[in-house]
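The structure appears below as structure tokens.
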Amino acid sequence: MCRSVNKLLSNEVAPGWALYLLLAITLAGYWPGLAGGWVLDDQVNLAPLANLGDDPTSWYVVLTTNGSGPLGRPLAMLSFAVDQFIHGGEVWSFKYTNLMIHVLCGALIFWLTGRLLQEHRFAPQRWWFALGVSAMWLLTPMQVSTVLYVVQRMTQLSALFVLAGLLCYVIGRQHLEKNRRRGLGLLLSSFMLWMPLAILSKENGALLPLLVFIVEVFFFGFRARPADKRLLIAVYVVFLAVPALAIAGKILLDPAFLLNGYINREFTLTERLLTEPRILFDYIKGLTIPSGAELGIYHDDYVKSTGLLSPITTAVSIAAWLIILVLSYLARARPVAVFFFGPLFFFGAHLMESTVFGLELYFEHRNYLASYGLFLSLAMLFYYLMQHFRWKKTFVVFLIALPATHAAASYQRILTWTSFESILLSAEQSHPESLRVHGELAIFYYNRRDFDQAVSHLDRVQELDPSSTSSAAMHRMVAHCLCQKDIPEAEYKRLQAGLYAGMVKYLIPGIRQMIGVVKHNQCPQLNVDYLNAIFDQWLHIYQTQAINNAQGRIQWWLLNIQMAQLLEYSGRYSLAIPYLDRAAALYPNRLESGLLKLRYQLMLGDLNGARRTLTDTMQNDRGDRPDYSEALRVYEKSLHMLGDGPTPAVPLVSPGT
């Protein structure tokens, strides 16, 4: 029996055919999930696609105005734009593209793993183990919330280009002594081609040099001719050491660069650093133990660490990671080093999103690339056990059974993703204290005109977090509107009390919901003047306090813009203008306030005021939004043609905000 197992494992053709079968299984398993709709911030991020047309300006706007990261992630936005242009915004097509990227990443993992294992004693069976690694990576339940969550294509594309960069580095490294020109070309392409593509998809693509360095240490050990070794060191100095020192220097010289990310968070930098080691081990548990019950996109109920012993697992997790890092260093030149590659690769891939930057504590998509290292080390551990114990058959069965159980758990998660309702109801069971789950359920129910259910979830939100009082009040008003119920005065007073007490968490999404309701004439019972009096006084009194930091300034700006739009859709153009003046004072170079003010002044027949606004807005135009610049030119031409004539009956342009 052992002889037949060895013969099968040494076959290099069968694993290739088995890979096609694995990819087909992945496609079939994920197919039902393509029927699901948008979730969370999908529509917010992809809203600019609605104005996409044949003109280059609309494409430029889509590629350059996404605010998810400092670089705008233009390559990911380009892929969304292509989907929109070809398929007309059908959500199925976006998810289908995500799935295709997923299987392509799985194929790259197969190829990369086979090339890496060529460097060790795993070589005769490397393609079978590459298949096992690909199967675990493709089918683990934690990947579901990345593949079927449309905007996480940013994560997927970045991972795709990082994997391509790793593969080119490994192949180039293996050719360095045989064909130096080809080897150097492939090796340098990792840094000069694939890294920029990864970064332009999502910023953590900048971790590619670190991940390549980990591969070099554990699989190649800088074994090369002296000239090539010097070249490798120079490459790592330029692409790894210098950027790392630059970022460290930026943080030291400008702490606000880091600390501003924590202004509106519910945790401090210290608490984040204490909590993330625990979360990393939770990720590992979710990746290796095939269970999907607690997985998903709602983890805002994760208990943060407030001290080394609060909870006790904080100190244990930190100590465990320190031990792993020390042992990885000590074992770097020993045969057992390959077993430490996985944890170190996993840790390195999390270095940007799970350390000092003020991002949310827990998101499953951060493991999309990081999980590869864990699965590779797990496969190598299986091989070691097979070589040193007489249970070869058992380990082969286990290596097949583990991906199979992962596939079964993934399929259950995928079925949950066939509708947003099933996602929410599943999340409510596994995360009953998640504010986001109850908030999303409230919106879901009042859109279905189920008033009692909506209000019960809003009450639960306020109970879990009193700082969301004003937002809950705003959403209850929306629920009254959509369910055709009179809004009691107590709701306005609750909103006002929450605002003046500083309980404004999630207020912006609440106002956005109200804008949509008023825009579509679904809330005639709303006392707009009462609402305006509450917000106008509050925004005026607390403006100085709120704009002391960058995050507060942008939120205050957006609140003023939103209130202006709410008043616009209720026909109160003159009441909207003071909000726009406040917004313009905060950010003169953001042209939305000026463009909206122009429209309102024209609706009011104030041509002289419109001309003054046009002059001021054009002076502040830096040309970074061609669509806004074009809108200003349209206004200028129209006002010139009007002279002292009649005001146009309809707005000329409407900026996207």
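Residues are referred to by chain and number: the chain letter is A, B, ... according to the order shown in the structure tokens, the number counts from 1 in that chain, and ligands are numbered separately from 1 in the order shown.
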Report task. Write out as a ChimeraX atom specification each polymer residue whose atoms come within 12 Å of range 49-53 of chain A, counting only C-alpha atoms; drop sequence neighbours fewer than 2 positions from it. Result -> /A:42-47,55-66,77-90,627,654-656
Between range 323-438 of chain A and range 295-310 of chain A, at 10 Å or less, what are the per-residue closest atom pairs and their distances in Å? Count only C-alpha atoms, order by chain and rising residue number, and return it as a Markdown table.
| residue | atom | partner | partner_atom | distance |
| --- | --- | --- | --- | --- |
| A:Glu360 | CA | A:Asp300 | CA | 8.1 |
| A:Leu361 | CA | A:Asp300 | CA | 7.8 |
| A:Tyr362 | CA | A:His299 | CA | 6.1 |
| A:Phe363 | CA | A:Ile297 | CA | 6.9 |
| A:Glu364 | CA | A:Ile297 | CA | 7.2 |
| A:His365 | CA | A:Ile297 | CA | 8.9 |
| A:Arg413 | CA | A:Leu295 | CA | 8.2 |
| A:Thr416 | CA | A:Gly296 | CA | 9.8 |
| A:Trp417 | CA | A:Gly296 | CA | 9.5 |
| A:Ile423 | CA | A:Gly296 | CA | 8.0 |
| A:Leu424 | CA | A:Tyr298 | CA | 9.0 |
| A:Ser426 | CA | A:Gly296 | CA | 8.8 |
| A:Ala427 | CA | A:Tyr298 | CA | 6.8 |
| A:Glu428 | CA | A:Tyr298 | CA | 9.2 |
| A:Ser430 | CA | A:Leu295 | CA | 8.3 |
| A:His431 | CA | A:Asp301 | CA | 7.0 |
| A:Pro432 | CA | A:Asp301 | CA | 8.4 |
| A:Glu433 | CA | A:Asp301 | CA | 5.9 |
| A:Ser434 | CA | A:Asp301 | CA | 4.8 |
| A:Leu435 | CA | A:Asp300 | CA | 7.1 |
| A:Arg436 | CA | A:Tyr298 | CA | 6.9 |
| A:Val437 | CA | A:Tyr298 | CA | 6.7 |
Report task. Determine which residues of range 410-554 of chain A DSSP labels as alpha helix (DSSP H) from the backbone of this structure, then write them out as a PyMOL selection string. Result -> chain A and resi 410-416+420-430+435-447+451-464+469-482+489-500+507-519+528-546+550-554
Report task. In Å, rounded to a single decimal, give me how far CA of Leu499 in chain A is from CA of Trp538 in chain A. Result -> 7.2 Å
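Nearest-residue note for Met192 in chain A: choosing from A:Ala576, A:Val238, A:Ala130, A:Ile324, the minimum distance belongs to A:Val238, counting only C-alpha atoms.
Proximity of A:Gln525, A:Gln143, A:Gln537, A:Ser456 to Leu369 in chain A, computed with only C-alpha atoms, is greatest for A:Gln143.
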Requested in this report: Find the residues near Gln565 in chain A: any atom within 9 Å, counting only C-alpha atoms, skip ones fewer than 4 places away on the same chain, and give them as an NGL selection string.
Outcome: :A and (515 or 519 or 560-561 or 569-570 or 573 or 576 or 596)
Within 9 Å of Leu441 in chain A, counting only C-alpha atoms, which residues show up once you throw out same-chain ones fewer than 5 positions away? Write them as a compact mmCIF listing (two decimals) with N, CA and C atoms, in the first residue's frame, please.
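Output saved as around.txt:
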# COMPACT_ATOMS: atom_id res chain seq x y z
N GLU A 421 -30.86 39.50 3.64
CA GLU A 421 -31.66 39.13 4.81
C GLU A 421 -31.06 37.93 5.54
N LEU A 424 -27.99 38.94 7.47
CA LEU A 424 -28.31 39.66 8.70
C LEU A 424 -28.87 38.74 9.77
N LEU A 425 -29.77 37.85 9.40
CA LEU A 425 -30.37 36.95 10.39
C LEU A 425 -29.34 35.98 10.95
N GLU A 428 -27.22 37.99 13.32
CA GLU A 428 -27.92 38.27 14.59
C GLU A 428 -27.79 37.09 15.55
N ARG A 436 -23.94 47.10 14.44
CA ARG A 436 -24.17 47.17 13.00
C ARG A 436 -25.25 46.20 12.56
N TYR A 446 -37.59 48.59 8.15
CA TYR A 446 -38.44 49.73 7.81
C TYR A 446 -38.55 49.91 6.30
N GLN A 453 -40.72 45.83 14.10
CA GLN A 453 -39.41 45.17 14.07
C GLN A 453 -38.29 46.20 13.93
N ALA A 454 -38.50 47.20 13.09
CA ALA A 454 -37.48 48.23 12.89
C ALA A 454 -37.21 48.97 14.19
N HIS A 457 -35.24 47.00 16.86
CA HIS A 457 -33.79 46.92 16.62
C HIS A 457 -33.12 48.27 16.88
N LEU A 458 -33.82 49.37 16.59
CA LEU A 458 -33.26 50.68 16.91
C LEU A 458 -33.16 50.89 18.42
Query raised in the report: Given the choices A:Arg476, A:Arg225, A:Arg173, A:Arg366, which gets closest to Val461 in chain A if the distance is worked out from only C-alpha atoms?
Result: A:Arg476
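Checking A:Ile534, A:Leu23, A:Ile263, A:Leu607 one by one against Ala497 in chain A, counting only C-alpha atoms, you find the shortest gap at A:Ile534.
Note that the spacing between CA of Leu415 in chain A and CA of Ile101 in chain A amounts to 20.0 Å.
For the pair CA of Pro70 in chain A and CA of Val144 in chain A, the interatomic distance is 26.5 Å.
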Report task. Determine, counting only C-alpha atoms, which protein, DNA and RNA residues have an atom within 10 Å of an atom of His102 in chain A; residues of the same chain fewer than 6 positions away are not included. Present the result as a ChimeraX atom specification. Result -> /A:23,26-27,96,108,137-138,143,146-147,153,156-157,159-160,368
